[in-house]
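See structure below.
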Amino acid sequence: MAAAIVIVVCLFGHLGAIGLVGPDEPRYAWIARAMAETGDWVTPRLYGQPWFEKPSLYYWAAALGFLLHLPAEWAARLPSAFAALAAALGIGWLCSRHYDHENILRSPALLAPLLFATSVAAIGFARAAAPDMLFSSSITLAMASAACVLRQNDALRGATRDERRVSSSDQLPVLLFGVFLGFAVLAKGPAAIVLAGGAIGLWVIATKQWRAAIRVAHPLAILTFCAVALPWYVVCALRNPDFLLVFLLQHNFQRYVTPLFQHRQPFWYFGPIVVLALLPWTLLLWPTAEEGRRIWRENSCRKSPGFFFACWTVFPLIFFSFSQSKLPGYALPAIPPLAMLCSVAATRAIKDERFRSRMIFRGIAFTWILLGIAAFVALRRIPLLTAEGLPSHIAAAAAAWAAIAGGVLITTAFSQRRHLVVPLCILLVAASVEAANLRILPALDAFYSARTHAQLMRNDLHPDRIFTYRLNRSWNYGLAFYFQRELPEWSPDDPEAALVLTTPGGIEEIRKLGRFRGTLDENYMGILYVPIGPSPFAR
C-alpha cells in the first residue's frame with residue numbers, strides 16, 4: 001500500500017499545481033484540444049494549420065481528457081502520468097521474471113518501480129504535456145516483451161522438436177512486442193524501431209544468439225506492428241500530401257543529422273543528463289557499473305538478464321549522442337532499464353556488509369544535502385518577493401527541508417539500520433514532491449505559466465485589443481492556449497488604444513517610441529501589462 005501511495009503521489013499528485021509551461025506544453029495541448037473540438041482525429045492542427053512535428057498518439061490520449069471536460073492541465077498531463085505508471089509496472093513485472101524475490105521488501109520487483117517513480121526524470125516527464133513519456137513507456141513495454149521472447153528462446157535451447165512445437169504456440173510476447181513498438185512509432189516516430197532494434201541487435205552481437213533475433217522479428221510481431229502503426233500514417237499521408245516530406249525528412253532525418261532546430265549540444269551531453277535524471281539514486285550507478293564489468297570479464301553475458309538491460313540502456317544514449325539535435329527527453333528511454341539495474345544494485349548492497357555498500361548508502365544520504373544547496377540557489381534566483389502574497393522564505397524552507405532529510409538519512413546510514421536508507425529516501429522523495437506541489441509550484445505559476453494572466457483578463461472590456469510585444473515563444477504559446485486564440489504582435493504603427501503584454505526590455509522600447517509615459521505596478525508576475533492610449537482596460 002505504501003509503495004502504491006508513493007507512486008501515485010510522485011506521478012499523479014496535483015498535476016494542475018502549475019499551469020502549462022514552456023513552448024511545448026501549450027502547443028501540444030492546443031492540438032489535442034483542437035482534435036477534441038473538431039473531431040478531426042487524423043491531422044494535428046495548430047491554430048488551424050497542419051502541424052506534423054509529432055505523430056498522433058499523445059494528441060489522441062490528451063484529447064480524451066478534453067472530451068471528458070477535465071481541467072486543461074489534467075487533460076494534457078494525464079497521458080504522461082499513466083504512461084509513467086505503465087513503465088513502472090512493466091519494469092516491476094520484468095524484474096519479477098528475472099530476479100529472485102524471497103523477501104518482497106528487498107526485491108527488485110518492488111524496488112525498480114519505486115526507484116523509477118521517485119527519480120527526477122520520471123517525476124518531471126510524468127507531469128509534462130508531451131509525447132516523451134508515452135514514447136519511453138511504449139519502448140519499455142516493447143523491450144519487456146522482447147526480453148520475454150528471448151527468455152523463451154533460451155529455455156528452448158536443447159529442447160526436442162515436439163517441445164519446440166508446443167512452446168511456439170505461445171506467441172503472446174511476440175504479439176505484444178509488435179503492438180507496443182507500434183505505439184512507440186505512433187508516439188514519436190520511426191526512431192522507436194531504431195532504438196528497439198539497435199538494443200536487441202547489440203545484445204545479439206555480444207551474445208552471438210542470432211536465432212533469438214529471428215524469433216523477436218517473428219512475422220506475427222511485424223503484422224501486429226503494422227496493424228497498430230501504419231493506418232494513421234497512411235490516412236494522414238493521403239489527406240496531407242506534404243506529411244511524409246515534413247515529418248520524416250524535416251522532423252526526423254534532418255533533426256538527427258543537422259542542427260536545424262538549434263538544439264546542438266556536445267557529444268557527452270547525455271552523461272550529465274543521466275546523472276541528473278536518476279537523482280537521488282545516481283550513486284547506484286557505481287555498483288551497477290562494477291557488476292557490468294564483472295559480467296563482461298567473466299564472459300557471462302549470455303546468462304545475465306542485466307546485460308540485456310544494459311544494452312537497452314546504452315544503445316539509445318549512444319544513438320542520440322551522434323545526433324546534431326539533443327534534448328533531455330532523448331535520454332528518457334534509458335531510464336526504466338537503468339532503474340532496474342539500480343534496483344538490483346540496491347538489493348545486493350542491502351545484503352552486503354562490506355565497506356563499499358556502507359559508502360553507497362552514505363552517498364545517497366549526502367546527495368540530499370547537495371540537492372538542498374542546489375534548491376536554495378535555484379529558488380533564490382526566482383523573483384518571488386515581487387509577487388504579492390507569496391512567502392518570502394520558500395528558498396530557505398526548501399533548503400532546510402533537504403538538510404533535515406539529509407540529516408535523517410546520514411544518521412541512518414551510519415547506524416546498524418543502514419538498510420532503511422533506501423525506503424526512507426523513497427518516502428522523503430514522495431513527501432518532497434507533495435510539498436512542492438502544495439507550495440512551490442503554485443508560487444511559481446504566475447512567473448512561468450500564462451494561466452494566471454488569462455484568468456486576470458478573462459473579463460477584459462476590450463479582448464480584441466490585447467497584444468503581445470517582444471515576448472518569447474513560451475509566453476506566446478501559453479497565452480494563445482489559455483486565451484483560446486493567438487494574440488497578435490503589437491505594432492508601433494497602430495494608433496489605437498491597446499493593452500500590450502511585454503517584458504522589461506519591451507517596455508523600454510515602447511518608452512523610446514514615446515507611446516507610454518506612465519508608471520507600472522511591478523506586481524504583475526512574469527510579464528508587464530502596458531496600457532497604450534486613453535481607453536480604460538478592466539483587469
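Please note that chains go A, B, ... in the order of the C-alpha cells, that every chain numbers its residues from 1, and that ligands are numbered from 1 in the order shown.
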| task | Excluding A:Pro26 and residues on its chain fewer than 4 positions from it, collect all residues at most 8 Å away from it, counting only C-alpha atoms, and give them as a list in words. | result |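 Returned residues: Leu20, Val21, Gly22, Trp30, Ala129, Tyr477, Gly478 and Phe481 of chain A.
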| field | Contacts of A:Leu438 within 12 Å, only C-alpha atoms, excl. fewer than 6 positions in-chain, as a ChimeraX atom specification | value | /A:9,13-18,394,431-432,444-445
| message | Can you pull out the residues contacting stretch 308-310 of chain A? Cut-off 8 Å, using only C-alpha atoms, and skip same-chain residues under 3 positions away; I want them as a PyMOL selection string. | response | chain A and resi 147+200+203+292+304-305+313-314+337-338+340-341
| query | Within 12 Å of A:Val194, counting only C-alpha atoms, which residues qualify if same-chain residues fewer than 6 places away don't, as number ranges by chain? | reply | A: 139, 181, 184-185, 188, 200-202, 252, 312, 315-316, 318-320
| Test item: residues at most 9 Å from A:Gly406, only C-alpha atoms, excluding those fewer than 4 positions along its chain, as a list of chain:residue names |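 My list of contacting residues is A:Ile364, A:Ala365, A:Phe366, A:Thr367, A:Trp368, A:Ile369, A:Leu370, A:Gly372, A:Trp401, A:Ala402, A:Ile410, A:Thr411.
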| query | Which parts of stretch 151-385 of chain A does DSSP call helix (DSSP H, G or I) when run on the backbone here, written out as a VMD selection string? | reply | chain A and resid 151 to 156 161 to 167 172 to 188 191 to 207 210 to 216 219 to 239 243 to 257 267 to 277 282 to 297 301 to 303 305 to 321 328 to 351 355 to 380 384 to 385
| message | From the options A:Leu57, A:Ala144, A:Met133, A:Ala403, which residue's atoms come nearest to A:Trp232, counting only C-alpha atoms? | response |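 Answer, going by the shortest atom-to-atom distance: A:Leu57.
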| field | Among the residues A:Trp51, A:Trp286, A:Trp281, A:Trp268, the one that comes closest to A:Ala339 [using only C-alpha atoms] | value |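 Ranking A:Trp51, A:Trp286, A:Trp281, A:Trp268 by distance to A:Ala339, first place goes to A:Trp281.
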